[in-house]
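First the structure, in the form of structure tokens, and then the observations on it.
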Amino acid sequence: MQRVSAYTLIYFLGRSIVQLVRQGSNFIPLLVILFAGGEHLRQLALPVLLIAIPVGLCLHAGLSWWFFRYQNDNTRLFIRSGIFKRTQLTLDYARIQQADIRQPWYFRPLGLAVLGVDSAGSESKEVELAGIPFAHAQTLKEQMLHESRSKGSVSQGHPVDGSEASGDNSPSTIYQFTLGLKEIARYGLMHNPVLLALPILLYPLSQGDILDDLIDQHLQQLMQSFNHISQDESGWALLIALTLGAIALLVALSVVIAIVRFYRFSLHIFAGTSDGTAAETAKDPAHKNLHRYQSRFGLFTIASRTFQYLRLQRVVIQQGLVARLISRYSMRVNQSGQVQRQQQKAFFLPVLDQSRLDDIKIQLGLAQTPEWKRTHKASMVLPFLISVAFITAAATLISSFDLKVILHALWISTLVSGLVQWLSWRKRAVFVNDHWFATQQGILGKQQRWVPAHKIQALTLRQGPWLRYWGMLSLQVYSAAGRETISWLPESELQRISEHLLTNSKTFHGRWM
């Protein structure tokens with residue numbers, strides 16, 4: 001068995017730190033003892049912890065590297081790891097669903113990389129092979145994917161990561177594009193992780209004196225300046241300017257994060273065979289199953305992600321409010337695995353305009369103009385009544401049964417809830433054909449989820465008292481990527497859809513994993 005490079009100690013140290021953070025809840029009893037034990041105990045324990053934690057992390061990283069071994073025999077990968085609990089893993093290449101190559105910033109000058117491999121049924125990455133030469137990582141990746149393809153049908157050659165395929169025995173590139181900085185900046189506008197992380201960061205900061213020491217003094221000076229400003233337009237102008245400045249800063253940080261993460265994002269779709277033209281292989285379903293999708297992106301850490309069309313389990317097309325205003329979409333392709341890990345394991349296209357979205361839908365075989373079937377209007381009634389009753393009851397308790405407040409809460413909640421339910425009903429729909437089962441939902445934006453019809457594993461029809469009163473049914477569809485639910489369609493309609501999906505799944509005799 002081979003040992004990875006000694007420089008991989010950096011990787012193992014980072015992984016040890018991540019594990020320590022994830023296991024932080026286990027140290028809560030120790031923290032309680034320190035804070036409750038008095039000043040003398042804290043003075044003795046804190047210096048010890050400040051020394052013991054870094055030493056423990058370095059020791060754990062060193063031992064993890066020392067006991068890590070791997071071996072490749074062209075059909076399987078053997079991994080041996082663990083310090084006290086030794087683990088031996090055998091990964092058959094035929095089970096490979098997705099292979100990623102990452103070059104973190106600390107590995108790039110050394111020509112090293114991290115090879116991450118997802119296999120069928122794994123909850124997370126089953127293998128992370130770090131600190132191997134980049135060329136060796138490419139070779140291993142190609143061996144894994146080539147062996148995986150050969151189990152379905154014979155494939156002639158395979159492209160090398162990061163470059164276009166060439167030569168008579170290499171498959172051709174049937175589609176490709178690269179995102180410029182403007183498009184990646186648009187993704188930063190569409191998805192703002194800074195706003196999501198802000199409440200998480202503010203809570204621990206608010207528990208100490210950091211905010212008081214750094215912000216309170218400046219906030220008092222700002223309030224004093226407001227007191228000196230006359231009550232005219234200048235005071236409001238300053239307040240609006242400060243608010244807009246804070247929003248602009250958050251948006252700028254989000255754009256910077258997007259650029260760092262997806263810099264020079266490129267997508268290549270390689271044909272599954274070199275026989276015939278690219279147009280012919282794109283139209284042939286048998287050849288489409290062998291198509292390979294490869295993306296490459298990153299500013300400091302360069303990642304390369306690949307999956308085979310045969311492994312596709314679900315396609316998610318999403319458009320939020322900001323994305324709708326700028327006419328852009330995001331797409332995520334899920335493969336099999338635990339539902340809670342679908343985000344991490346997805347093949348992600350961050351931003352697509354309408355033209356590129358149409359092109360990708362053609363490559364994936366999605367319907368270009370689906371005839372969406374809307375749910376029954378009665379689906380709005382119960383959520384509307386519950387939300388109005390809850391808001392009105394809350395206002396009643398808060399106002400101590402003030403009739404004026406109750407009446408205002410009633411008409412405002414009626415208006416807002418009615419509008420929300422109507423917008424939600426307009427987007428809630430289902431589409432079924434011989435190849436796909438798709439659902440759509442949303443309020444201001446929309447999300448479409450497409451599941452291959454022949455890959456559906458189980459169906460469940462449900463009908464509660466409220467649905468029975470209206471003569472409606474609810475259908476739950478289970479696949480390797482999770483569960484999809486559509487409700488409030490007539491019994492006859494959902495029975496027909498259920499029978500169609502079951503027949504399609506039973507009569508399919510090809511590979512779907």
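Chain labels follow the order of the structure tokens: the first chain is A, the next B, and so on; residue numbering restarts at 1 in every chain, and ligands are counted from 1 in their shown order.
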Please provide as a list of chain:residue names all residues within 7 Å of range 100-112 of chain A, with the sequence filter that same-chain residues fewer than 4 positions apart are discarded (counting only C-alpha atoms).
A:Gly116, A:Val117, A:Gly131, A:Ile132, A:Pro133, A:Phe134, A:Phe300, A:Thr301, A:Ile302, A:Ala303, A:Ser304, A:Arg305, A:Thr306
Hey, what's within 10 Å of Leu140 in chain A if we count only C-alpha atoms and toss same-chain stuff fewer than 6 positions away? As a list of chain:residue names, please?
A:Asn72, A:Asn74, A:Leu77, A:Tyr93, A:Ala99, A:Leu115, A:Phe134, A:His146
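Using only C-alpha atoms, the smallest distance between any of A:Tyr309, A:Phe437, A:Tyr175, A:Phe270 and Arg483 in chain A comes from A:Phe437.
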DSSP strand (DSSP E or B) residues within range 360-486 of chain A, listed as an MDAnalysis selection string
chainID A and resid 373:374 429:432 436:441 446:452 458:462 472:479 482:486
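Between Gln97 in chain A and the candidates A:Trp422, A:Trp488, A:Tyr293, A:Trp436, the tightest atom-to-atom separation, counting only C-alpha atoms, involves A:Tyr293.
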Residues near Tyr70 in chain A, cut-off 7 Å, only C-alpha atoms, skip fewer than 4 positions along chain, as a list in words
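Surrounding residues, per the criterion: Met1, Gln2, Arg3, Phe78, Ile79 and Arg80 of chain A.
The interatomic distance for the pair CA of Asp92 in chain A and CA of Phe12 in chain A works out to 24.8 Å.
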Distance query range 406-414 of chain A at most 7 Å, only C-alpha atoms, self and fewer than 5 positions along chain excluded, as a list in words:
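What passes the distance filter is Val388, Ile391, Thr392, Ala395 and Thr396 of chain A.
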I need the residues from that last selection saved to file as a tab-separated table (two decimals), in the first residue's frame (with C-alpha atoms), if you can.
chain	number	residue	atom	x	y	z
A	388	VAL	CA	-55.56	34.18	9.26
A	391	ILE	CA	-52.22	35.89	13.10
A	392	THR	CA	-55.51	37.19	14.47
A	395	ALA	CA	-52.72	39.93	17.76
A	396	THR	CA	-55.61	39.33	20.17
Find the nearest atom pair between each residue of range 332-384 of chain A and range 447-469 of chain A for residues within 9 Å, count only C-alpha atoms, give distances in Å to one decimal, sort rows by chain and ascending number, and present the table as CSV.
residue,atom,partner,partner_atom,distance
A:Leu366,CA,A:Trp450,CA,8.1
A:Ser379,CA,A:Leu467,CA,8.9
A:Leu382,CA,A:Trp466,CA,8.8
Output file for the residues above (all heavy atoms, as an mmCIF file, in the first residue's frame):
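Saved the output as selection.cif:
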data_model
loop_
_atom_site.group_PDB
_atom_site.id
_atom_site.type_symbol
_atom_site.label_atom_id
_atom_site.label_comp_id
_atom_site.auth_asym_id
_atom_site.auth_seq_id
_atom_site.Cartn_x
_atom_site.Cartn_y
_atom_site.Cartn_z
ATOM 1 N N LEU A 366 -35.116 16.974 -21.188
ATOM 2 C CA LEU A 366 -36.299 17.528 -20.531
ATOM 3 C C LEU A 366 -37.250 18.115 -21.569
ATOM 4 O O LEU A 366 -36.822 18.565 -22.638
ATOM 5 C CB LEU A 366 -35.905 18.617 -19.532
ATOM 6 C CG LEU A 366 -34.906 18.237 -18.437
ATOM 7 C CD1 LEU A 366 -34.681 19.427 -17.524
ATOM 8 C CD2 LEU A 366 -35.387 17.033 -17.645
ATOM 9 N N SER A 379 -57.163 23.950 -2.702
ATOM 10 C CA SER A 379 -55.926 23.778 -1.929
ATOM 11 C C SER A 379 -55.540 25.042 -1.181
ATOM 12 O O SER A 379 -54.741 24.996 -0.240
ATOM 13 C CB SER A 379 -54.787 23.354 -2.862
ATOM 14 O OG SER A 379 -54.547 24.353 -3.850
ATOM 15 N N LEU A 382 -57.701 25.832 3.228
ATOM 16 C CA LEU A 382 -57.278 25.502 4.586
ATOM 17 C C LEU A 382 -56.025 26.274 5.027
ATOM 18 O O LEU A 382 -56.018 26.825 6.145
ATOM 19 C CB LEU A 382 -57.042 23.992 4.689
ATOM 20 C CG LEU A 382 -56.893 23.435 6.108
ATOM 21 C CD1 LEU A 382 -58.130 23.758 6.939
ATOM 22 C CD2 LEU A 382 -56.646 21.929 6.068
#
Kindly indicate which residue among A:Ile362, A:Leu494, A:Val420, A:Leu189 lies nearest to Ile326 in chain A, using only C-alpha atoms for the distances.
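For Ile326 in chain A, the nearest of the candidates is A:Leu189.
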Kindly give the distance, in Å, that separates CA of Arg374 in chain A and CA of Ile443 in chain A, rounded to a single decimal.
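Rounded to one decimal, the two atoms are 14.1 Å apart.
With only C-alpha atoms as the atoms that count, the minimum distance from His136 in chain A to the choices A:Ala323, A:Ala241, A:Val4, A:Ala438 is reached by A:Val4.
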Write out as a ChimeraX atom specification all residues of range 339-396 of chain A that backbone DSSP assigns to alpha helix (DSSP H).
/A:342-345,354-364,381-396
